[in-house]
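S.K.: The structure follows.
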Number of protein chains: 2
Amino acid sequence: MTGGVGFGVFSVGGDSPRVGFRVGHDVLDLAAHGLGQVFAAPTLNPFLALGRTSWEDTIARIDELVRAGADLVPLEDADLGLPFTVGDYVDFYSSLEHATNLGRLFRPDAEPLLPNWRHLPVGYHGRAGTVVVSGTPIVRPCGQAKLPTEDVPRFGPSRRLDIELEIGFVVGVGSRLGEPVSTAAFRDHVFGVVLVNDWSARDIQAWEYQPLGPFLGKSFATSVGAWVTPLALLEDRFVPAPRQDPEPLPYLLSEGDWALDIELEVELGGTVVSRTNARGLYWTMPQQLAHATVNGASIATGDLFASGTISGPEHGSEGSLIELTRNGEHPIGLANGSTRAFLEDDDEVVLRGRAGELELAEVRGVVVPARR
Amino acid sequence: MTGGVGFGVFSVGGDSPRVGFRVGHDVLDLAAHGLGQVFAAPTLNPFLALGRTSWEDTIARIDELVRAGADLVPLEDADLGLPFTVGDYVDFYSSLEHATNLGRLFRPDAEPLLPNWRHLPVGYHGRAGTVVVSGTPIVRPCGQAKLPTEDVPRFGPSRRLDIELEIGFVVGVGSRLGEPVSTAAFRDHVFGVVLVNDWSARDIQAWEYQPLGPFLGKSFATSVGAWVTPLALLEDRFVPAPRQDPEPLPYLLSEGDWALDIELEVELGGTVVSRTNARGLYWTMPQQLAHATVNGASIATGDLFASGTISGPEHGSEGSLIELTRNGEHPIGLANGSTRAFLEDDDEVVLRGRAGELELAEVRGVVVPARR
């Protein structure tokens, strides 16, 4: 297969949302082609819960159908929904470059990388109920913020609205409470990946995040692609991850190559402002899942685990504006001649990912003015 | 009504789980008494989504049925399930005494209360998928921990397993993305309350929590009572909250009295080790909900918002062992002659709440050994 591929939820002309498989510029209606009633659901979750053998059998049947010239729905006729019902949403912080950049900005007087960072994939829970599908307008959030020079916080629309370029994995098969999921069991539980834009209000986040972490600075919206790309279609994109020093504890070790060679880009207002690659992430997906469950926490169908912002080492490869513009102090130029420190109303952001011949579904969002 | 009351999910002898109303030592089977098919569901959520008028009508009909001597199921014959399917789980940090105590322990060289604490109800997202019903055994979590005196983290069972005495509110009617829920709209969205034990592994938490907040130190389990007490039955328990200084921003102001006069106790190994009252919480429930949504984040049926640990000002009124034992340095004595710094295997913890003539459902849990 080539071009845009993945499983998603679509409807045509207001009919019932159902599961489809995207094939480039078209969609294969899976229930209509006899692949099973599980695909008549308005969410991928029942299919995700079936497990790896069913996922692989389905992909093989789709391949046969497409090769045999099955009828397809033009993508432009399809209305796309959130592809899966999100269980829990966890966001990691797995890019060494991003964690270092943000440490410098948020804690200028301290070591940028905290002592725990190289020992465990730092993460936290985000708001699952505000994960939205690509194309959903993003209302500029209001909240409290306080500059270091101010005595008391102000309330108003965020003035430092930002993006975060991320990739997330989606759980198919859940686990039992009390039983960790080892790195070796990753492929039995995880179905596929989506691009993620973890929209962030930096001014709200800076004032609220001590000591319990980000809350309202992130919880207003998180956008995901409309099509989930199964791991089974990304087999040839797994490459060695960066060397880890010190060696992690045994529960974080894994066999094989687990970095994903996916080229990424961020477009803002029609201009590509960042290019990077997911393979540079320090912590791998199996390590993230093993860590998140090593305390016995269970996972469930539809859980989303995102990487955290993906930033590369060079300028122009950072996955957020706060990094690209050095805390807003060095605005970036757009092709239309304007500049941006942070997002302005009506700005459109598009995240794209390419894995060789395949494309991950883009994540698109327009900023709309705050409601007051 | 008097004694234990609330809506929950029960089954008898392995039959289908369904919604019941607890009346002291008995349960009223609501679907069987013709209150509607919504009560035949194995979760409260469909009923919660109906809204305030339906909630009040249902309570009025239950009252009639009970007075008329309707058949009841003995509580001892009922197997109890998780009463509602948890959407998102948010945990606040709303006790001034608890935040001050923990600030002293976790950041001994700094002001215990951070600058934002009196301006906003600090909170974060917890793991919704590991919220369990009272009675579920709690497997001691494993994880990374590092003492200040150690060079590298160790992996193993938590040695500082703790409880947190909390009260949580349960959302009935959701809201739309982008539209804040004002303090005045609280009663239109929130159905009722449960006691919550937010089990915490202090050693795991201390090593992981910078800079994104608690994660594995909390995510292994959170226990809630089996019966949700509707706000409508707590009308006479609302009392003035503590005075707030400085006055919060306008979006956090509300009319009326919003502290809940509920006497609370923590029993450990048969000994009551703490007594306090929820009315001392600094931030009220409407303030918590208004804050959590002021950025436009939507809420959904089944969302759980917990108070954070409830601690009073006196010794013996703290809602966690880390506070009661001063970081484990002053173990507390139990009636059987043993002492506890933190929880040991086989320890049983029971949280209880009394609101005048009514009891909130207890939250019970036994610690079982780590699986290695």
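Simple scheme: letters A, B, ... for chains in structure tokens order, numbers from 1 for residues in each chain, numbers from 1 for ligands in the order shown.
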Starting from chain B, keep only residues with some atom at most 8 Å from an atom of chain A, counting only C-alpha atoms, and report them as a CSV table (one decimal) with all heavy atoms, in the first residue's frame.

M.R.:
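Just written: part07.csv:
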```csv
chain,number,residue,atom,x,y,z
B,87,GLY,N,-15.5,8.6,33.5
B,87,GLY,CA,-15.0,9.3,32.3
B,87,GLY,C,-13.6,9.8,32.5
B,87,GLY,O,-12.7,9.0,32.4
B,88,ASP,N,-13.4,11.0,32.8
B,88,ASP,CA,-12.1,11.5,33.3
B,88,ASP,C,-12.1,11.6,34.8
B,88,ASP,O,-13.1,11.8,35.4
B,88,ASP,CB,-11.8,12.9,32.7
B,88,ASP,CG,-11.1,12.8,31.3
B,88,ASP,OD1,-10.0,12.2,31.3
B,88,ASP,OD2,-11.6,13.2,30.3
B,114,LEU,N,2.8,26.9,47.6
B,114,LEU,CA,3.3,27.6,46.4
B,114,LEU,C,2.4,28.8,46.1
B,114,LEU,O,1.3,28.9,46.5
B,114,LEU,CB,3.3,26.6,45.2
B,114,LEU,CG,4.4,25.5,45.4
B,114,LEU,CD1,4.2,24.4,44.4
B,114,LEU,CD2,5.8,26.1,45.3
B,116,ASN,N,0.7,29.9,43.6
B,116,ASN,CA,-0.6,29.8,42.9
B,116,ASN,C,-1.7,29.2,43.8
B,116,ASN,O,-2.9,29.4,43.5
B,116,ASN,CB,-0.4,28.9,41.7
B,116,ASN,CG,0.1,27.5,42.0
B,116,ASN,OD1,0.1,27.1,43.1
B,116,ASN,ND2,0.6,26.8,41.0
B,119,HIS,N,-4.8,31.1,44.7
B,119,HIS,CA,-5.5,31.8,43.6
B,119,HIS,C,-6.3,30.8,42.8
B,119,HIS,O,-7.2,31.3,42.0
B,119,HIS,CB,-4.4,32.5,42.7
B,119,HIS,CG,-3.8,33.6,43.4
B,119,HIS,ND1,-4.4,34.9,43.4
B,119,HIS,CD2,-2.6,33.8,44.0
B,119,HIS,CE1,-3.6,35.7,44.1
B,119,HIS,NE2,-2.5,35.1,44.4
B,122,VAL,N,-5.6,24.0,42.7
B,122,VAL,CA,-4.6,23.2,42.0
B,122,VAL,C,-5.2,21.8,41.8
B,122,VAL,O,-5.8,21.2,42.7
B,122,VAL,CB,-3.3,23.1,42.8
B,122,VAL,CG1,-2.4,22.1,42.3
B,122,VAL,CG2,-2.7,24.5,42.8
B,123,GLY,N,-5.0,21.2,40.6
B,123,GLY,CA,-5.5,19.8,40.4
B,123,GLY,C,-4.7,19.2,39.2
B,123,GLY,O,-3.9,19.9,38.6
B,124,TYR,N,-5.0,18.0,39.0
B,124,TYR,CA,-4.3,17.2,37.9
B,124,TYR,C,-5.2,16.1,37.5
B,124,TYR,O,-6.1,15.7,38.2
B,124,TYR,CB,-2.9,16.8,38.3
B,124,TYR,CG,-3.0,15.6,39.3
B,124,TYR,CD1,-2.7,14.3,38.9
B,124,TYR,CD2,-3.3,15.9,40.6
B,124,TYR,CE1,-2.8,13.3,39.9
B,124,TYR,CE2,-3.4,14.9,41.5
B,124,TYR,CZ,-3.1,13.6,41.2
B,124,TYR,OH,-3.2,12.5,42.1
B,125,HIS,N,-4.9,15.5,36.4
B,125,HIS,CA,-5.7,14.3,36.0
B,125,HIS,C,-5.1,13.0,36.5
B,125,HIS,O,-3.9,12.8,36.4
B,125,HIS,CB,-5.8,14.2,34.4
B,125,HIS,CG,-6.7,15.2,33.8
B,125,HIS,ND1,-6.3,16.5,33.4
B,125,HIS,CD2,-8.0,15.1,33.6
B,125,HIS,CE1,-7.4,17.1,33.0
B,125,HIS,NE2,-8.4,16.3,33.0
B,126,GLY,N,-5.9,12.2,37.0
B,126,GLY,CA,-5.5,10.8,37.5
B,126,GLY,C,-5.9,9.8,36.5
B,126,GLY,O,-6.5,10.1,35.4
B,127,ARG,N,-5.7,8.5,36.8
B,127,ARG,CA,-6.0,7.5,35.8
B,127,ARG,C,-7.5,7.0,36.1
B,127,ARG,O,-7.7,6.4,37.1
B,127,ARG,CB,-5.0,6.3,35.9
B,127,ARG,CG,-5.2,5.3,34.9
B,127,ARG,CD,-4.0,4.4,34.7
B,127,ARG,NE,-4.2,3.5,33.5
B,127,ARG,CZ,-4.0,3.9,32.2
B,127,ARG,NH1,-3.6,5.1,32.0
B,127,ARG,NH2,-4.3,3.1,31.3
B,128,ALA,N,-8.3,7.2,35.1
B,128,ALA,CA,-9.8,6.8,35.3
B,128,ALA,C,-9.9,5.3,35.2
B,128,ALA,O,-10.8,4.8,35.9
B,128,ALA,CB,-10.6,7.5,34.2
B,129,GLY,N,-9.1,4.7,34.4
B,129,GLY,CA,-9.3,3.2,34.2
B,129,GLY,C,-8.9,2.4,35.4
B,129,GLY,O,-9.2,1.2,35.4
B,130,THR,N,-8.3,2.9,36.4
B,130,THR,CA,-8.0,2.2,37.6
B,130,THR,C,-8.7,2.6,38.8
B,130,THR,O,-8.3,2.4,40.0
B,130,THR,CB,-6.4,2.2,37.9
B,130,THR,OG1,-6.0,3.6,37.9
B,130,THR,CG2,-5.7,1.5,36.8
B,139,VAL,N,-3.2,-4.3,45.2
B,139,VAL,CA,-1.9,-4.9,45.1
B,139,VAL,C,-0.8,-3.9,45.3
B,139,VAL,O,-0.8,-2.8,44.7
B,139,VAL,CB,-1.7,-5.5,43.7
B,139,VAL,CG1,-0.3,-6.2,43.5
B,139,VAL,CG2,-2.8,-6.5,43.4
B,141,PRO,N,2.1,-1.7,44.8
B,141,PRO,CA,2.7,-1.4,43.5
B,141,PRO,C,4.2,-1.5,43.6
B,141,PRO,O,4.8,-1.3,44.6
B,141,PRO,CB,2.3,0.0,43.2
B,141,PRO,CG,2.1,0.6,44.6
B,141,PRO,CD,1.6,-0.5,45.5
B,142,CYS,N,4.8,-1.9,42.5
B,142,CYS,CA,6.3,-1.9,42.3
B,142,CYS,C,6.6,-0.6,41.5
B,142,CYS,O,5.8,-0.1,40.8
B,142,CYS,CB,6.8,-3.1,41.6
B,142,CYS,SG,6.7,-4.6,42.5
B,143,GLY,N,7.8,-0.2,41.6
B,143,GLY,CA,8.2,1.0,40.8
B,143,GLY,C,9.6,1.4,41.2
B,143,GLY,O,10.3,0.8,42.0
B,153,PRO,N,18.3,5.0,41.1
B,153,PRO,CA,17.1,4.5,41.6
B,153,PRO,C,17.1,2.9,41.8
B,153,PRO,O,17.8,2.3,41.0
B,153,PRO,CB,16.1,4.9,40.5
B,153,PRO,CG,16.9,5.1,39.3
B,153,PRO,CD,18.2,5.5,39.8
B,155,PHE,N,14.5,-0.6,41.9
B,155,PHE,CA,13.2,-1.1,41.5
B,155,PHE,C,12.7,-2.1,42.6
B,155,PHE,O,13.4,-3.0,43.0
B,155,PHE,CB,13.2,-1.7,40.2
B,155,PHE,CG,11.9,-2.2,39.7
B,155,PHE,CD1,11.0,-1.4,39.2
B,155,PHE,CD2,11.5,-3.6,39.9
B,155,PHE,CE1,9.7,-1.9,38.8
B,155,PHE,CE2,10.3,-4.0,39.6
B,155,PHE,CZ,9.4,-3.2,39.0
B,177,LEU,N,-17.7,21.2,24.4
B,177,LEU,CA,-16.3,21.7,24.3
B,177,LEU,C,-16.3,23.2,24.0
B,177,LEU,O,-17.1,23.7,23.1
B,177,LEU,CB,-15.6,20.9,23.2
B,177,LEU,CG,-14.1,21.2,23.1
B,177,LEU,CD1,-13.4,20.6,24.4
B,177,LEU,CD2,-13.5,20.5,21.9
B,178,GLY,N,-15.5,24.0,24.7
B,178,GLY,CA,-15.4,25.4,24.5
B,178,GLY,C,-16.3,26.2,25.4
B,178,GLY,O,-16.2,27.5,25.4
B,207,TRP,N,10.1,10.4,43.6
B,207,TRP,CA,11.1,10.3,42.5
B,207,TRP,C,10.6,10.7,41.2
B,207,TRP,O,11.4,11.3,40.3
B,207,TRP,CB,11.7,8.9,42.5
B,207,TRP,CG,12.6,8.4,41.4
B,207,TRP,CD1,12.4,7.4,40.6
B,207,TRP,CD2,13.8,9.1,41.0
B,207,TRP,NE1,13.5,7.3,39.7
B,207,TRP,CE2,14.3,8.3,39.9
B,207,TRP,CE3,14.5,10.2,41.4
B,207,TRP,CZ2,15.5,8.6,39.3
B,207,TRP,CZ3,15.7,10.5,40.8
B,207,TRP,CH2,16.2,9.7,39.7
B,208,GLU,N,9.4,10.5,40.9
B,208,GLU,CA,8.9,10.7,39.5
B,208,GLU,C,8.2,12.1,39.3
B,208,GLU,O,8.1,12.5,38.1
B,208,GLU,CB,7.8,9.7,39.2
B,208,GLU,CG,6.4,10.0,39.9
B,208,GLU,CD,5.3,9.0,39.6
B,208,GLU,OE1,5.5,8.1,38.7
B,208,GLU,OE2,4.3,9.1,40.2
B,209,TYR,N,7.8,12.8,40.4
B,209,TYR,CA,6.7,13.8,40.2
B,209,TYR,C,7.2,15.1,39.6
B,209,TYR,O,6.4,16.0,39.2
B,209,TYR,CB,6.0,14.0,41.5
B,209,TYR,CG,6.5,15.1,42.4
B,209,TYR,CD1,5.8,16.4,42.4
B,209,TYR,CD2,7.6,14.9,43.1
B,209,TYR,CE1,6.3,17.4,43.2
B,209,TYR,CE2,8.1,15.9,43.9
B,209,TYR,CZ,7.5,17.1,44.0
B,209,TYR,OH,7.9,18.1,44.8
B,210,GLN,N,8.5,15.3,39.5
B,210,GLN,CA,9.0,16.6,38.8
B,210,GLN,C,9.3,16.3,37.3
B,210,GLN,O,10.0,15.3,37.1
B,210,GLN,CB,10.3,17.1,39.5
B,210,GLN,CG,10.0,17.6,40.9
B,210,GLN,CD,9.5,19.0,41.0
B,210,GLN,OE1,9.0,19.5,40.0
B,210,GLN,NE2,9.5,19.6,42.1
B,211,PRO,N,8.9,17.1,36.4
B,211,PRO,CA,8.1,18.3,36.6
B,211,PRO,C,6.7,18.2,36.2
B,211,PRO,O,5.9,19.1,36.2
B,211,PRO,CB,8.8,19.2,35.5
B,211,PRO,CG,9.1,18.3,34.4
B,211,PRO,CD,9.5,17.0,35.0
B,212,LEU,N,6.2,16.9,35.8
B,212,LEU,CA,4.8,16.8,35.3
B,212,LEU,C,3.8,16.3,36.3
B,212,LEU,O,2.7,16.1,35.9
B,212,LEU,CB,4.9,16.0,34.0
B,212,LEU,CG,5.8,16.6,32.9
B,212,LEU,CD1,5.7,15.7,31.6
B,212,LEU,CD2,5.4,18.0,32.6
B,213,GLY,N,4.2,16.1,37.5
B,213,GLY,CA,3.2,15.7,38.5
B,213,GLY,C,3.2,14.2,38.8
B,213,GLY,O,3.9,13.5,38.2
B,214,PRO,N,2.2,13.8,39.7
B,214,PRO,CA,2.1,12.4,40.1
B,214,PRO,C,1.7,11.5,38.9
B,214,PRO,O,0.9,11.9,38.1
B,214,PRO,CB,1.1,12.4,41.2
B,214,PRO,CG,0.9,13.8,41.6
B,214,PRO,CD,1.3,14.6,40.4
B,215,PHE,N,2.2,10.3,38.8
B,215,PHE,CA,1.9,9.4,37.7
B,215,PHE,C,1.7,8.0,38.3
B,215,PHE,O,0.7,7.6,38.8
B,215,PHE,CB,2.9,9.5,36.6
B,215,PHE,CG,2.6,8.8,35.4
B,215,PHE,CD1,1.3,8.6,34.9
B,215,PHE,CD2,3.7,8.2,34.6
B,215,PHE,CE1,1.1,7.9,33.7
B,215,PHE,CE2,3.4,7.5,33.4
B,215,PHE,CZ,2.1,7.4,33.0
B,216,LEU,N,2.8,7.2,38.3
B,216,LEU,CA,2.7,5.8,38.8
B,216,LEU,C,2.5,5.8,40.3
B,216,LEU,O,2.1,4.7,40.8
B,216,LEU,CB,4.0,5.1,38.4
B,216,LEU,CG,4.2,4.9,36.9
B,216,LEU,CD1,5.4,4.0,36.6
B,216,LEU,CD2,3.0,4.3,36.3
B,219,SER,N,-1.4,5.9,40.1
B,219,SER,CA,-2.2,5.3,39.0
B,219,SER,C,-2.6,3.9,39.2
B,219,SER,O,-3.4,3.3,38.4
B,219,SER,CB,-1.6,5.5,37.6
B,219,SER,OG,-0.4,4.8,37.5
B,220,PHE,N,-2.0,3.2,40.2
B,220,PHE,CA,-2.2,1.8,40.4
B,220,PHE,C,-3.6,1.5,40.9
B,220,PHE,O,-4.2,0.4,40.6
B,220,PHE,CB,-1.2,1.1,41.3
B,220,PHE,CG,-1.1,1.8,42.6
B,220,PHE,CD1,-1.7,1.2,43.7
B,220,PHE,CD2,-0.3,2.9,42.8
B,220,PHE,CE1,-1.6,1.8,45.0
B,220,PHE,CE2,-0.2,3.5,44.1
B,220,PHE,CZ,-0.9,3.0,45.1
B,221,ALA,N,-4.2,2.4,41.6
B,221,ALA,CA,-5.6,2.1,42.1
B,221,ALA,C,-6.2,3.4,42.8
B,221,ALA,O,-5.4,4.0,43.5
B,221,ALA,CB,-5.7,0.9,43.0
B,249,LEU,N,-10.5,35.3,41.8
B,249,LEU,CA,-11.0,35.9,40.5
B,249,LEU,C,-12.5,35.7,40.4
B,249,LEU,O,-13.0,34.7,40.9
B,249,LEU,CB,-10.2,35.4,39.3
B,249,LEU,CG,-8.8,36.0,39.2
B,249,LEU,CD1,-7.9,35.1,38.3
B,249,LEU,CD2,-8.8,37.4,38.7
B,292,ALA,N,-12.0,23.9,36.5
B,292,ALA,CA,-11.5,22.9,35.5
B,292,ALA,C,-12.1,23.1,34.1
B,292,ALA,O,-11.6,22.4,33.2
B,292,ALA,CB,-12.0,21.5,36.1
B,294,VAL,N,-12.9,26.4,32.9
B,294,VAL,CA,-12.9,27.8,32.5
B,294,VAL,C,-12.1,27.9,31.2
B,294,VAL,O,-12.2,28.9,30.5
B,294,VAL,CB,-12.3,28.7,33.6
B,294,VAL,CG1,-10.8,28.5,33.8
B,294,VAL,CG2,-12.7,30.1,33.4
B,295,ASN,N,-11.2,27.0,30.9
B,295,ASN,CA,-10.5,27.0,29.6
B,295,ASN,C,-11.3,26.4,28.5
B,295,ASN,O,-10.7,26.2,27.4
B,295,ASN,CB,-9.2,26.2,29.8
B,295,ASN,CG,-9.3,24.7,30.0
B,295,ASN,OD1,-10.5,24.3,30.3
B,295,ASN,ND2,-8.3,24.0,29.9
B,296,GLY,N,-12.5,26.0,28.7
B,296,GLY,CA,-13.3,25.5,27.6
B,296,GLY,C,-13.4,23.9,27.6
B,296,GLY,O,-14.0,23.3,26.8
B,297,ALA,N,-12.6,23.3,28.6
B,297,ALA,CA,-12.6,21.8,28.6
B,297,ALA,C,-14.1,21.4,28.9
B,297,ALA,O,-14.7,21.9,29.8
B,297,ALA,CB,-11.7,21.3,29.7
B,298,SER,N,-14.5,20.4,28.2
B,298,SER,CA,-15.8,19.8,28.4
B,298,SER,C,-15.8,18.8,29.5
B,298,SER,O,-14.8,18.2,29.8
B,298,SER,CB,-16.4,19.2,27.1
B,298,SER,OG,-15.4,18.3,26.6
B,299,ILE,N,-17.0,18.5,30.1
B,299,ILE,CA,-17.1,17.4,31.1
B,299,ILE,C,-18.1,16.5,30.5
B,299,ILE,O,-18.9,16.8,29.6
B,299,ILE,CB,-17.6,17.9,32.5
B,299,ILE,CG1,-18.9,18.8,32.4
B,299,ILE,CG2,-16.5,18.8,33.1
B,299,ILE,CD1,-19.5,19.2,33.7
B,300,ALA,N,-18.1,15.2,31.0
B,300,ALA,CA,-19.0,14.2,30.5
B,300,ALA,C,-19.6,13.4,31.7
B,300,ALA,O,-19.0,13.3,32.8
B,300,ALA,CB,-18.2,13.3,29.6
B,371,ARG,N,3.3,-8.3,43.4
B,371,ARG,CA,3.6,-9.5,42.5
B,371,ARG,C,5.0,-9.2,41.9
B,371,ARG,O,5.2,-8.1,41.4
B,371,ARG,CB,2.6,-9.6,41.5
B,371,ARG,CG,1.2,-9.8,42.1
B,371,ARG,CD,0.1,-10.1,41.1
B,371,ARG,NE,-1.2,-10.2,41.7
B,371,ARG,CZ,-2.3,-9.8,41.1
B,371,ARG,NH1,-2.3,-9.4,39.9
B,371,ARG,NH2,-3.5,-9.9,41.8
```

S.K.: Residues within 10 Å of range 328-339 of chain A, please, as a ChimeraX atom specification. Count only C-alpha atoms; anything in the same chain fewer than 5 positions from it doesn't count.

M.R.: /A:160,267-273,316,321-323

S.K.: Please identify the strand (DSSP E) residues within range 151-182 of chain B (assignment by DSSP from backbone atoms) and present them as a PyMOL selection string.

M.R.: chain B and resi 154-157+161-162+165-171

S.K.: Near range 168-173 of chain A, counting only C-alpha atoms, which residues have an atom at most 7 Å away, once you skip same-chain residues fewer than 6 positions from it, shown as a list of chain:residue names?

M.R.: A:Leu48, A:Ala49, A:Gly51, A:His189, A:Val190, A:Phe191, A:Gly192, A:Val193, A:Val194, A:Leu195, A:Val196, A:Ala300, A:Thr301, A:Gly302, A:Asp303, A:Leu304, A:Phe305, A:Ala306, A:Ser307

S.K.: Quick one: residues within 8 Å of range 6-20 of chain A, only C-alpha atoms, excluding same-chain residues fewer than 4 positions away - as a VMD selection string?

M.R.: chain A and resid 27 to 31 39 to 44 77 to 84 226 to 230 360 to 361

S.K.: Write to file, as a compact mmCIF listing (two decimals), in the first residue's frame, the residues of the selection just made, with N, CA, C and O atoms.

M.R.:
```txt
# COMPACT_ATOMS: atom_id res chain seq x y z
N VAL A 27 -11.93 5.69 0.56
CA VAL A 27 -12.22 4.96 1.79
C VAL A 27 -12.93 3.66 1.43
O VAL A 27 -13.87 3.66 0.62
N LEU A 28 -12.48 2.57 2.05
CA LEU A 28 -13.17 1.28 1.89
C LEU A 28 -14.13 1.11 3.05
O LEU A 28 -13.72 1.18 4.22
N ASP A 29 -15.40 0.91 2.72
CA ASP A 29 -16.45 0.72 3.75
C ASP A 29 -16.39 -0.74 4.18
O ASP A 29 -16.80 -1.64 3.45
N LEU A 30 -15.90 -1.00 5.40
CA LEU A 30 -15.57 -2.37 5.79
C LEU A 30 -16.79 -3.23 6.07
O LEU A 30 -16.85 -4.39 5.63
N ALA A 31 -17.78 -2.69 6.76
CA ALA A 31 -18.99 -3.49 7.03
C ALA A 31 -19.72 -3.79 5.72
O ALA A 31 -20.18 -4.91 5.49
N PHE A 39 -17.48 -3.60 12.30
CA PHE A 39 -17.14 -2.37 11.57
C PHE A 39 -18.35 -1.46 11.34
O PHE A 39 -18.20 -0.37 10.79
N ALA A 40 -19.51 -1.90 11.74
CA ALA A 40 -20.69 -1.04 11.66
C ALA A 40 -20.78 -0.08 12.84
O ALA A 40 -21.62 0.81 12.87
N ALA A 41 -19.91 -0.27 13.82
CA ALA A 41 -19.90 0.59 15.00
C ALA A 41 -19.39 1.99 14.64
O ALA A 41 -18.62 2.14 13.69
N PRO A 42 -19.79 3.01 15.41
CA PRO A 42 -19.32 4.38 15.14
C PRO A 42 -17.96 4.67 15.77
O PRO A 42 -17.62 5.82 15.99
N THR A 43 -17.21 3.64 16.08
CA THR A 43 -15.90 3.78 16.71
C THR A 43 -15.10 2.51 16.44
O THR A 43 -15.67 1.43 16.27
N LEU A 44 -13.77 2.67 16.40
CA LEU A 44 -12.90 1.52 16.16
C LEU A 44 -12.83 0.56 17.35
O LEU A 44 -12.34 -0.57 17.20
N ASP A 77 -15.89 12.95 -0.09
CA ASP A 77 -17.32 12.84 0.24
C ASP A 77 -17.56 12.42 1.69
O ASP A 77 -18.70 12.37 2.15
N ALA A 78 -16.48 12.06 2.38
CA ALA A 78 -16.63 11.48 3.73
C ALA A 78 -16.50 12.54 4.81
O ALA A 78 -15.62 13.40 4.75
N ASP A 79 -17.40 12.47 5.79
CA ASP A 79 -17.24 13.25 7.02
C ASP A 79 -16.54 12.34 8.03
O ASP A 79 -16.97 11.20 8.24
N LEU A 80 -15.49 12.86 8.64
CA LEU A 80 -14.65 12.02 9.50
C LEU A 80 -14.92 12.29 10.97
O LEU A 80 -15.06 13.45 11.39
N GLY A 81 -15.01 11.23 11.75
CA GLY A 81 -15.23 11.35 13.19
C GLY A 81 -13.98 11.00 13.96
O GLY A 81 -12.95 10.60 13.38
N LEU A 82 -14.06 11.15 15.28
CA LEU A 82 -12.97 10.70 16.15
C LEU A 82 -12.85 9.19 15.95
O LEU A 82 -13.82 8.46 16.12
N PRO A 83 -11.68 8.67 15.56
CA PRO A 83 -11.62 7.26 15.17
C PRO A 83 -11.85 6.28 16.31
O PRO A 83 -12.38 5.20 16.09
N PHE A 84 -11.45 6.64 17.51
CA PHE A 84 -11.64 5.71 18.63
C PHE A 84 -12.10 6.48 19.86
O PHE A 84 -11.85 7.67 20.00
N ALA A 226 -7.41 11.50 11.86
CA ALA A 226 -8.69 10.80 11.67
C ALA A 226 -8.50 9.32 11.33
O ALA A 226 -9.47 8.55 11.35
N TRP A 227 -7.27 8.90 11.02
CA TRP A 227 -7.02 7.51 10.61
C TRP A 227 -5.89 6.96 11.45
O TRP A 227 -4.81 7.55 11.51
N VAL A 228 -6.13 5.82 12.07
CA VAL A 228 -5.11 5.17 12.88
C VAL A 228 -4.31 4.22 11.99
O VAL A 228 -4.89 3.33 11.36
N THR A 229 -3.00 4.44 11.92
CA THR A 229 -2.15 3.57 11.10
C THR A 229 -1.71 2.36 11.93
O THR A 229 -1.07 2.53 12.97
N PRO A 230 -2.07 1.15 11.48
CA PRO A 230 -1.70 -0.03 12.28
C PRO A 230 -0.19 -0.26 12.27
O PRO A 230 0.48 -0.02 11.26
N LEU A 360 1.02 9.09 7.39
CA LEU A 360 0.11 9.09 8.54
C LEU A 360 -0.94 10.18 8.30
O LEU A 360 -0.68 11.15 7.59
N ALA A 361 -2.10 10.02 8.90
CA ALA A 361 -3.15 11.03 8.71
C ALA A 361 -2.70 12.35 9.30
O ALA A 361 -2.19 12.40 10.42
```

S.K.: CA of Arg22 in chain A and CA of Val368 in chain A are how many Å apart?

M.R.: 28.7 Å

S.K.: Between CA of Ser95 in chain B and CA of Arg107 in chain A, measure the distance and give it in Å to one decimal.

M.R.: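 Computing it gives 27.0 Å between the two atoms.
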
S.K.: Range 199-328 of chain B: which residues are alpha helix (DSSP H) by DSSP, as a PyMOL selection string?

M.R.: chain B and resi 202-208+216-219+285-293+321-324

S.K.: Show which residues sit within 10 Å of Leu281 in chain B, as a VMD selection string. Count only C-alpha atoms, and ignore same-chain residues fewer than 4 positions away.

M.R.: chain B and resid 93 to 98 241 to 242 259 to 260 277 285 307 to 312

S.K.: When you look at Asp345 in chain B with a cut-off of 6 Å (counting only C-alpha atoms), what residues show up, excluding the ones that are within fewer than 2 positions of it in the same chain? I need them as a list in words.

M.R.: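 Here the qualifying residues turn out to be Asp347, Val367, Val368 and Pro369 of chain B.
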
S.K.: Rank A:Glu56, A:Gly36, A:Arg237, A:Trp258 by their smallest atom-to-atom distance to Gly356 in chain A, using only C-alpha atoms, and report the top residue only.

M.R.: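 Closest to Gly356 in chain A, using only C-alpha atoms: A:Arg237.
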
S.K.: Would you mind reading off the distance between CA of Ala355 in chain A and CA of Leu50 in chain A, one decimal, in Å?

M.R.: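 If I compute the distance from CA of Ala355 in chain A to CA of Leu50 in chain A, I get 25.8 Å.
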